Structures are given as structure tokens and as C-alpha cells.
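Containing compact mmCIF, C-alpha atoms: coords.txt.
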```
# COMPACT_ATOMS: atom_id res chain seq x y z
CA MET A 1 11.11 -5.22 -24.13
CA SER A 2 9.12 -2.20 -23.00
CA ASP A 3 6.41 -2.24 -20.32
CA ASN A 4 3.80 -1.32 -22.94
CA THR A 5 4.82 -4.25 -25.10
CA HIS A 6 4.47 -6.61 -22.15
CA GLY A 7 1.07 -5.14 -21.36
CA GLU A 8 -0.14 -5.65 -24.94
CA GLU A 9 1.24 -9.18 -24.93
CA ARG A 10 -0.57 -10.05 -21.72
CA ASN A 11 -3.89 -8.61 -22.81
CA GLY A 12 -3.65 -10.30 -26.17
CA ASN A 13 -2.98 -13.74 -24.74
CA ALA A 14 -5.73 -13.96 -22.13
CA VAL A 15 -8.66 -12.05 -20.76
CA PRO A 16 -8.12 -10.35 -17.38
CA ALA A 17 -8.62 -12.62 -14.40
CA PRO A 18 -12.08 -12.48 -12.82
CA ARG A 19 -12.19 -11.37 -9.21
CA ASP A 20 -14.65 -12.01 -6.41
CA THR A 21 -17.89 -10.24 -7.25
CA GLY A 22 -18.42 -7.05 -5.33
CA GLY A 23 -15.08 -7.09 -3.53
CA GLU A 24 -14.94 -6.04 0.10
CA VAL A 25 -17.01 -3.06 1.20
CA ILE A 26 -15.11 -1.46 4.08
CA ARG A 27 -16.82 1.90 4.41
CA VAL A 28 -19.69 4.11 3.30
CA ARG A 29 -18.21 7.52 2.56
CA LYS A 30 -20.22 10.74 2.76
CA GLY A 31 -19.30 14.09 1.25
CA MET A 32 -16.39 15.01 -1.01
CA PHE A 33 -13.65 14.06 1.45
CA GLY A 34 -15.41 11.72 3.86
CA ALA A 35 -15.24 14.14 6.78
CA ASN A 36 -17.08 12.80 9.80
CA ASN A 37 -16.10 15.32 12.48
CA GLY A 38 -18.02 18.53 11.98
CA GLY A 39 -19.79 19.79 8.86
CA ASP A 40 -18.72 19.17 5.29
CA THR A 41 -17.18 22.38 3.92
CA SER A 42 -16.87 21.19 0.32
CA GLY A 43 -20.49 21.84 -0.66
CA TYR A 44 -20.95 18.17 -1.57
CA GLY A 45 -22.20 16.86 1.76
CA GLY A 46 -24.96 14.88 0.03
CA LEU A 47 -22.58 12.58 -1.84
CA ILE A 48 -22.66 8.98 -0.64
CA ARG A 49 -20.51 6.16 -2.00
CA THR A 50 -19.09 2.86 -0.81
CA VAL A 51 -15.36 2.25 -0.44
CA THR A 52 -14.69 -1.21 -1.86
CA LEU A 53 -11.42 -3.15 -1.96
CA PRO A 54 -11.06 -5.57 -4.90
CA GLY A 55 -11.47 -9.20 -3.98
CA ALA A 56 -9.12 -12.06 -4.82
CA SER A 57 -8.78 -13.02 -8.48
CA SER A 58 -8.99 -16.54 -9.84
CA ARG A 59 -6.75 -18.17 -12.42
CA PRO A 60 -5.88 -17.70 -15.17
CA TYR A 61 -4.62 -14.22 -14.34
CA GLY A 62 -3.55 -13.59 -17.94
CA GLY A 63 -0.20 -13.65 -19.77
CA TRP A 64 2.94 -13.20 -17.68
CA PHE A 65 0.94 -12.66 -14.50
CA ASP A 66 0.50 -16.45 -14.28
CA GLU A 67 4.19 -16.97 -15.02
CA VAL A 68 5.21 -14.70 -12.15
CA ALA A 69 2.69 -16.25 -9.75
CA ASP A 70 3.79 -19.80 -10.64
CA GLU A 71 7.47 -18.99 -10.28
CA LEU A 72 6.99 -17.22 -6.94
CA GLU A 73 4.93 -20.07 -5.51
CA GLY A 74 7.45 -22.65 -6.73
CA ALA A 75 10.40 -20.71 -5.32
CA LEU A 76 8.70 -20.43 -1.92
CA GLU A 77 7.98 -24.16 -1.88
CA GLU A 78 11.66 -24.83 -2.54
CA GLN A 79 12.35 -22.88 0.68
CA ASP A 80 9.85 -25.06 2.61
CA LEU A 81 7.34 -22.21 2.84
CA LEU A 82 3.80 -23.03 1.77
CA PRO A 83 2.67 -20.33 -0.69
CA GLU A 84 -0.79 -20.14 0.91
CA ASN A 85 0.85 -19.23 4.24
CA ALA A 86 2.78 -16.34 2.70
CA ILE A 87 0.40 -15.09 -0.02
CA GLU A 88 -2.94 -14.18 1.53
CA ARG A 89 -4.54 -13.46 -1.84
CA THR A 90 -3.67 -12.44 -5.38
CA VAL A 91 -5.53 -9.57 -7.02
CA VAL A 92 -5.58 -8.50 -10.66
CA ASP A 93 -7.23 -5.10 -10.86
CA ARG A 94 -6.83 -2.21 -13.31
CA ASP A 95 -4.22 -4.21 -15.23
CA GLU A 96 -2.02 -4.54 -12.12
CA LEU A 97 -0.89 -7.68 -10.32
CA THR A 98 -0.86 -7.43 -6.52
CA PHE A 99 0.25 -10.07 -4.03
CA HIS A 100 -1.14 -9.55 -0.54
CA ILE A 101 1.57 -10.90 1.75
CA ALA A 102 1.41 -11.97 5.40
CA ARG A 103 3.67 -9.52 7.20
CA GLU A 104 5.75 -12.19 8.94
CA HIS A 105 6.83 -13.52 5.52
CA LEU A 106 7.35 -10.17 3.77
CA VAL A 107 11.17 -10.17 3.85
CA GLN A 108 11.47 -13.73 2.54
CA VAL A 109 8.98 -13.07 -0.28
CA ALA A 110 10.73 -9.82 -1.26
CA ARG A 111 14.15 -11.49 -1.29
CA THR A 112 12.76 -14.32 -3.42
CA LEU A 113 11.27 -11.85 -5.89
CA ARG A 114 14.60 -10.05 -6.10
CA ASP A 115 16.94 -13.03 -6.38
CA ASP A 116 15.08 -15.71 -8.35
CA PRO A 117 16.42 -15.63 -11.96
CA ALA A 118 12.94 -16.05 -13.44
CA LEU A 119 11.59 -13.13 -11.38
CA ARG A 120 14.43 -10.63 -10.87
CA PHE A 121 12.47 -7.73 -9.37
CA GLU A 122 15.66 -5.84 -8.63
CA LEU A 123 14.14 -2.45 -7.83
CA CYS A 124 11.61 -1.33 -5.23
CA THR A 125 10.48 2.20 -6.03
CA GLY A 126 9.25 2.81 -2.48
CA VAL A 127 6.52 2.06 0.01
CA SER A 128 3.23 3.94 0.38
CA GLY A 129 1.14 3.94 3.52
CA VAL A 130 -2.66 3.68 3.41
CA HIS A 131 -5.16 3.97 6.25
CA PHE A 132 -8.56 2.29 5.89
CA LEU A 133 -10.59 3.02 9.02
CA GLY A 134 -13.25 0.52 8.05
CA ASP A 135 -10.89 -2.37 7.30
CA LYS A 136 -11.17 -3.81 10.80
CA GLY A 137 -8.13 -5.67 12.03
CA ARG A 138 -5.96 -4.48 9.14
CA GLU A 139 -6.51 -0.74 9.11
CA LEU A 140 -2.94 0.09 8.06
CA HIS A 141 -1.57 -1.01 4.70
CA ALA A 142 1.92 -0.77 3.20
CA VAL A 143 2.10 -0.96 -0.59
CA TYR A 144 5.33 -1.69 -2.47
CA HIS A 145 5.92 -1.29 -6.22
CA LEU A 146 8.54 -3.68 -7.55
CA ARG A 147 10.11 -3.38 -10.99
CA SER A 148 12.04 -6.02 -12.90
CA LEU A 149 14.62 -4.32 -15.06
CA THR A 150 15.58 -7.71 -16.48
CA HIS A 151 12.10 -8.69 -17.65
CA GLY A 152 10.44 -5.26 -17.95
CA ARG A 153 7.63 -6.00 -15.49
CA ILE A 154 5.99 -4.24 -12.57
CA ILE A 155 4.06 -5.84 -9.69
CA ARG A 156 2.79 -4.70 -6.30
CA LEU A 157 3.09 -6.18 -2.83
CA GLU A 158 0.61 -5.19 -0.15
CA VAL A 159 0.90 -5.89 3.59
CA SER A 160 -1.59 -5.00 6.30
CA ALA A 161 -1.45 -4.49 10.06
CA PRO A 162 -4.00 -3.46 12.68
CA ASP A 163 -4.03 -0.02 14.30
CA SER A 164 -3.37 -1.76 17.61
CA ASP A 165 -0.18 -3.43 16.32
CA PRO A 166 1.27 -1.33 13.45
CA HIS A 167 4.44 -3.39 13.01
CA ILE A 168 5.80 -4.48 9.62
CA PRO A 169 9.28 -5.87 8.86
CA SER A 170 11.65 -3.42 7.19
CA LEU A 171 12.79 -4.17 3.64
CA VAL A 172 15.89 -1.98 3.83
CA GLU A 173 18.16 -5.04 3.96
CA VAL A 174 16.61 -6.27 0.68
CA TYR A 175 16.00 -2.91 -1.00
CA PRO A 176 18.30 -0.28 0.60
CA THR A 177 16.55 2.60 -1.20
CA ASN A 178 13.51 1.95 1.01
CA ASP A 179 15.35 3.65 3.87
CA TRP A 180 13.76 7.09 3.46
CA HIS A 181 10.47 5.76 2.09
CA GLU A 182 9.89 3.71 5.24
CA ARG A 183 10.73 6.74 7.37
CA GLU A 184 8.10 8.76 5.51
CA ALA A 185 5.46 6.04 5.92
CA TYR A 186 6.31 5.91 9.64
CA ASP A 187 6.16 9.71 9.94
CA PHE A 188 2.76 10.10 8.28
CA PHE A 189 1.00 6.82 9.09
CA GLY A 190 2.69 5.47 12.22
CA LEU A 191 3.78 2.22 10.56
CA ILE A 192 6.67 0.79 12.57
CA PHE A 193 9.20 -0.96 10.32
CA HIS A 194 11.14 -3.47 12.42
CA GLY A 195 14.78 -3.70 11.49
CA HIS A 196 15.01 -0.22 10.00
CA PRO A 197 18.46 1.28 10.76
CA ALA A 198 17.12 4.65 12.00
CA LEU A 199 13.33 4.92 12.08
CA THR A 200 12.84 8.61 12.85
CA ARG A 201 10.53 11.28 11.48
CA ILE A 202 11.60 12.72 8.14
CA MET A 203 9.08 15.53 7.50
CA MET A 204 7.41 16.44 10.78
CA PRO A 205 9.26 17.72 13.89
CA ASP A 206 10.59 15.00 16.18
CA ASP A 207 8.14 15.93 18.95
CA TRP A 208 5.05 15.99 16.69
CA GLN A 209 2.03 14.23 18.14
CA GLY A 210 0.10 11.87 15.86
CA PHE A 211 0.38 10.85 12.23
CA PRO A 212 -1.02 13.45 9.82
CA GLN A 213 -2.13 11.20 6.94
CA ARG A 214 -4.25 8.85 8.98
CA LYS A 215 -7.95 9.18 8.26
CA ASP A 216 -8.77 9.88 11.91
CA TYR A 217 -6.23 12.70 12.21
CA PRO A 218 -7.99 15.99 13.07
CA LEU A 219 -8.53 18.36 10.13
CA GLY A 220 -6.87 21.58 11.22
CA GLY A 221 -6.85 22.74 14.79
CA ILE A 222 -3.53 24.54 14.44
CA ALA A 223 -3.99 28.30 14.45
CA VAL A 224 -2.71 30.08 11.34
CA GLU A 225 -2.08 33.79 11.73
CA TYR A 226 -1.99 36.48 9.07
CA LYS A 227 -1.21 40.02 10.31
CA GLY A 228 -3.11 39.53 13.54
CA ALA A 229 -6.04 37.61 12.03
CA GLN A 230 -6.74 33.94 12.66
CA ILE A 231 -8.09 31.39 10.18
CA PRO A 232 -10.46 28.94 11.93
CA ALA A 233 -9.76 25.24 11.74
CA PRO A 234 -11.74 23.38 9.04
CA ASP A 235 -14.13 21.80 11.55
CA GLN A 236 -15.02 25.27 12.82
CA ARG A 237 -15.78 26.82 9.43
CA ARG A 238 -19.18 27.27 7.83
CA SER A 239 -20.90 24.04 6.91
CA TYR A 240 -22.90 23.47 3.73
CA SER A 241 -24.52 20.19 4.73
```
Encoding of this model in C-alpha cells:
Amino acid sequence: MSDNTHGEERNGNAVPAPRDTGGEVIRVRKGMFGANNGGDTSGYGGLIRTVTLPGASSRPYGGWFDEVADELEGALEEQDLLPENAIERTVVDRDELTFHIAREHLVQVARTLRDDPALRFELCTGVSGVHFLGDKGRELHAVYHLRSLTHGRIIRLEVSAPDSDPHIPSLVEVYPTNDWHEREAYDFFGLIFHGHPALTRIMMPDDWQGFPQRKDYPLGGIAVEYKGAQIPAPDQRRSYS
């Protein structure tokens, strides 16, 4: 059955799950890109908006979302792991199901999702790093998209870690194709995946300082030369704010 068919089936059987009103406001962003060091060069320095993470959803989640949640919780209980210790919260947002997992239980949850016959999420299409400066104590997030080829379903796992301790277990032993994806997340965000077979930079030079996709990484600062001329770094260019 196709993904679209499953989506129509879910929406037809139950309304989307309600989530905590308002969610979690983690930052007030100013300007087009949220620059806070130097002037805003976009011309939209007057824009102000809040950055809000969706809160936990309450049951029923709708259609097969409840089936997956029930099966995962039951399978974890069979392994003597309390679901509430492993699953920090469940979020249904924009027609996606996301389990926020405690990092110390990530490998066990991923293996359960892969191996349980009623779940069978055989494929992880990679891990994306995210950096939320305002999400104190869990500034770094790793987001995994899991696909069940057997059941035609897609879910997300999300794990967080603080800037001061950016360690997350590697999933390479469960999903070997995560090898290069974890290296990229390490290279750009500084997430350290314990158990990875060779956690080295994949895009930046080995001696590069810092992690370029973190929100606090300096914008520019590296001189770019064109026939003797220099282009100033973004924080040194004309400001419109």
C-alpha cells in the first residue's frame, strides 16, 4: 500500500491528535536569518517572530499512529524497559509522528523498531543535526527518518543533547547506512556519535576549527579574494537595520 493511501486512511479514521497549546517557545528571532552579531544585511531587520517547538500530543493520535505507538510501547515492556523512561514525549505535527527518545535508550528503541514484526522499520534514511540555541540543556538535536518498507509507513525519532555534552549513541550497528550521515552531522554540528567505526570529518578539512552549521558559528570572517580585491565578512558589511 502506498504512503499516500496510508495517509488518507489515517486522516479518514480519526482527527489529528491535539498537542499542548502553544508548544515550547525557545527563542525570539529578529530579522530574516536571526543574526545577532552585527547588523542585519537582509533588509528585514524589523521582523520579529517566536521559534516554537510543538508540544507533546495526547491520544488518540489517529489511525496507524496509535498502532505504532502501542506496539512500540508493548515491545519495550517485553524487554523490561518502561516506555516512559525511553520515550520522552510523542508529537504529531504536520501529519508526522515523532518519538522523542532519551539518548541512553536510542539504540534499543531503534533495534525494536527495526526487528518487531508489527513495526518493521527496516530503513533509516539518515540523521539530520539541528542546533537550537534557546533550547537550554538540549541545544543539539539529532533527527532520524525511519521507513517501513513492509508496512509503507514513515516515522521520525528525535534525540537531544546539551552543548556541554554532545554525545549520542551511534546507530551504525542497527542501520549501517548511517555511517556517512553521522559523520556529516558530527562535521557540521559537533554531535559525537559513540560507537561509530570512524567518526571523522567528511566535508570540512580535518584541522577545521568549529562546526559550521551551529547557530553560534560566525557568519563569514574568512577572506575571499577576487583579482586582488577582498569581500568583507557578512558582519562587516553595510547594515540596513
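Computed from the coordinates, the CA of Thr200 (chain A) to CA of Glu184 (chain A) distance equals 8.7 Å.
Distance-wise, CA of Ser148 (chain A) and CA of Arg103 (chain A) end up 22.1 Å apart.
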Might you pull out every residue within 12 Å of Glu88 (chain A), with only C-alpha atoms counted and same-chain residues fewer than 3 positions away left off, and present them as a list in words? Gly55, Ala56, Ser57, Leu82, Pro83, Glu84, Asn85, Val91, Thr98, Phe99, His100, Ile101, Ala102, Arg103, Glu104, His105, Leu106, Leu157, Glu158, Val159 and Ser160 of chain A
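CA of Glu182 (chain A) sits 9.6 Å away from CA of Ile202 (chain A).
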Using only C-alpha atoms, can you list as a VMD selection string the residues within 10 Å of (7.9, -4.0, -12.7)? chain A and resid 3 96 to 97 119 to 125 145 to 156
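With all atoms listed in the file as the basis for measurement, A:Arg29 is the residue among A:Trp64, A:Leu140, A:His167, A:Arg29 that approaches Leu47 (chain A) most closely.
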Select, from A:Ile48, A:Glu67, A:Arg59, A:Ala118, the residue with the minimum atom-to-atom distance to Arg89 (chain A), counting only C-alpha atoms. A:Arg59
Where atoms are lacking, region 140-171 of chain A completed to N, CA and C atoms, as a short mmCIF file (atom, residue, chain, number, x, y, z; two decimals), keeping the file's coordinate frame:
```
data_model
loop_
_atom_site.label_atom_id
_atom_site.label_comp_id
_atom_site.auth_asym_id
_atom_site.auth_seq_id
_atom_site.Cartn_x
_atom_site.Cartn_y
_atom_site.Cartn_z
N LEU A 140 -4.13 -0.50 8.68
CA LEU A 140 -2.94 0.09 8.06
C LEU A 140 -2.39 -0.83 6.98
N HIS A 141 -2.11 -0.25 5.81
CA HIS A 141 -1.57 -1.01 4.70
C HIS A 141 -0.26 -0.38 4.24
N ALA A 142 0.68 -1.22 3.85
CA ALA A 142 1.92 -0.77 3.20
C ALA A 142 1.94 -1.37 1.80
N VAL A 143 2.15 -0.52 0.80
CA VAL A 143 2.10 -0.96 -0.59
C VAL A 143 3.45 -0.71 -1.24
N TYR A 144 4.02 -1.76 -1.84
CA TYR A 144 5.33 -1.69 -2.47
C TYR A 144 5.19 -1.91 -3.97
N HIS A 145 5.87 -1.10 -4.77
CA HIS A 145 5.92 -1.29 -6.22
C HIS A 145 7.30 -1.84 -6.58
N LEU A 146 7.30 -3.02 -7.18
CA LEU A 146 8.54 -3.68 -7.55
C LEU A 146 8.67 -3.71 -9.07
N ARG A 147 9.86 -3.40 -9.55
CA ARG A 147 10.11 -3.38 -10.99
C ARG A 147 11.24 -4.36 -11.33
N SER A 148 11.00 -5.14 -12.36
CA SER A 148 12.04 -6.02 -12.90
C SER A 148 12.66 -5.34 -14.10
N LEU A 149 13.90 -4.91 -13.93
CA LEU A 149 14.62 -4.32 -15.06
C LEU A 149 15.00 -5.38 -16.08
N THR A 150 15.21 -6.61 -15.59
CA THR A 150 15.58 -7.71 -16.48
C THR A 150 14.45 -8.08 -17.42
N HIS A 151 13.23 -8.20 -16.86
CA HIS A 151 12.10 -8.69 -17.65
C HIS A 151 11.12 -7.59 -18.05
N GLY A 152 11.32 -6.35 -17.58
CA GLY A 152 10.44 -5.26 -17.95
C GLY A 152 9.04 -5.42 -17.40
N ARG A 153 8.93 -5.76 -16.11
CA ARG A 153 7.63 -6.00 -15.49
C ARG A 153 7.50 -5.22 -14.19
N ILE A 154 6.27 -4.94 -13.82
CA ILE A 154 5.99 -4.24 -12.57
C ILE A 154 4.89 -4.99 -11.83
N ILE A 155 5.09 -5.24 -10.54
CA ILE A 155 4.06 -5.84 -9.69
C ILE A 155 3.96 -5.03 -8.40
N ARG A 156 2.98 -5.36 -7.59
CA ARG A 156 2.79 -4.70 -6.30
C ARG A 156 2.72 -5.75 -5.20
N LEU A 157 3.29 -5.41 -4.05
CA LEU A 157 3.09 -6.18 -2.83
C LEU A 157 2.29 -5.32 -1.87
N GLU A 158 1.39 -5.93 -1.14
CA GLU A 158 0.61 -5.19 -0.15
C GLU A 158 0.60 -5.98 1.16
N VAL A 159 0.84 -5.28 2.25
CA VAL A 159 0.90 -5.89 3.59
C VAL A 159 0.00 -5.06 4.50
N SER A 160 -0.71 -5.72 5.39
CA SER A 160 -1.59 -5.00 6.30
C SER A 160 -1.25 -5.29 7.75
N ALA A 161 -1.66 -4.35 8.62
CA ALA A 161 -1.45 -4.49 10.06
C ALA A 161 -2.57 -3.73 10.77
N PRO A 162 -2.95 -4.18 11.95
CA PRO A 162 -4.00 -3.46 12.68
C PRO A 162 -3.48 -2.19 13.34
N ASP A 163 -4.39 -1.25 13.58
CA ASP A 163 -4.03 -0.02 14.30
C ASP A 163 -3.38 -0.35 15.64
N SER A 164 -3.86 -1.41 16.28
CA SER A 164 -3.37 -1.76 17.61
C SER A 164 -1.98 -2.38 17.59
N ASP A 165 -1.50 -2.80 16.43
CA ASP A 165 -0.18 -3.43 16.32
C ASP A 165 0.42 -3.07 14.96
N PRO A 166 0.86 -1.82 14.78
CA PRO A 166 1.27 -1.33 13.45
C PRO A 166 2.69 -1.70 13.05
N HIS A 167 3.07 -2.96 13.26
CA HIS A 167 4.44 -3.39 13.01
C HIS A 167 4.54 -4.18 11.71
N ILE A 168 5.52 -3.81 10.89
CA ILE A 168 5.80 -4.48 9.62
C ILE A 168 7.32 -4.61 9.49
N PRO A 169 7.82 -5.75 9.02
CA PRO A 169 9.28 -5.87 8.86
C PRO A 169 9.82 -4.86 7.84
N SER A 170 10.99 -4.34 8.12
CA SER A 170 11.65 -3.42 7.19
C SER A 170 12.22 -4.21 6.01
N LEU A 171 12.19 -3.57 4.83
CA LEU A 171 12.79 -4.17 3.64
C LEU A 171 14.10 -3.49 3.25
#
```
